[in-house]
Amino acid sequence: MEEWATQYPNVEVVAGKLKLDEELALISHLKVMISMDSANMHLASLTGTPVVSIWG
């Protein structure tokens, strides 16, 4: 993930850096969340953020 952050604009790695309330606030400001089947997918749904979920 750190490699992506250096290669693409507007990419910031926040894994393991946020409290739950901070993560929910961040997710709620996204236009869309692309996520694997994970807790974050469900958190995005909880905040009303559109989700594209990748399974497999």
# chains A, B, ... in the order shown; residues from 1 in each chain; ligands from 1
>>> select_by_dssp(residues="region 10-53 of chain A", states="helix (DSSP H, G or I)", output="PyMOL selection string")
chain A and resi 20-28+39-47
>>> residues_around(residues="Trp55 (chain A)", least_positions_apart="3", cutoff="10 Å", atoms="only C-alpha atoms", output="compact mmCIF listing (two decimals) with N, CA and C atoms, in the first residue's frame")
# COMPACT_ATOMS: atom_id res chain seq x y z
N SER A 35 -13.59 -2.02 -1.69
CA SER A 35 -13.15 -2.79 -0.54
C SER A 35 -13.29 -4.28 -0.80
N MET A 36 -12.43 -5.05 -0.17
CA MET A 36 -12.67 -6.49 -0.14
C MET A 36 -13.76 -6.74 0.89
N ASP A 37 -14.23 -7.97 0.97
CA ASP A 37 -15.24 -8.32 1.97
C ASP A 37 -14.59 -8.19 3.34
N SER A 38 -14.88 -7.10 4.03
CA SER A 38 -14.22 -6.83 5.31
C SER A 38 -15.12 -5.96 6.18
N VAL A 52 -18.14 -0.71 -3.54
CA VAL A 52 -17.87 -1.76 -4.51
C VAL A 52 -17.06 -2.79 -3.75
>>> select_by_dssp(residues="chain A", states="strand (DSSP E or B)", output="ChimeraX atom specification")
/A:33-36,51-54
>>> residues_around(residues="Gly48 (chain A)", least_positions_apart="3", cutoff="10 Å", atoms="only C-alpha atoms", output="ChimeraX atom specification")
/A:27-30,32,42-45,51
>>> write_last_selection(atoms="C-alpha atoms", output="CSV table (one decimal), in the first residue's frame")
chain,number,residue,atom,x,y,z
A,27,ILE,CA,-15.2,6.8,5.2
A,28,SER,CA,-18.3,9.0,5.3
A,29,HIS,CA,-16.6,11.6,3.1
A,30,LEU,CA,-15.7,9.2,0.3
A,32,VAL,CA,-17.2,5.5,-3.2
A,42,HIS,CA,-19.8,-2.8,6.3
A,43,LEU,CA,-18.7,0.4,7.9
A,44,ALA,CA,-19.0,2.2,4.6
A,45,SER,CA,-22.5,0.8,4.2
A,51,VAL,CA,-19.4,0.4,-1.8
>>> atom_distance(atom1="CA of Leu24 (chain A)", atom2="CA of Asn40 (chain A)")
9.0 Å
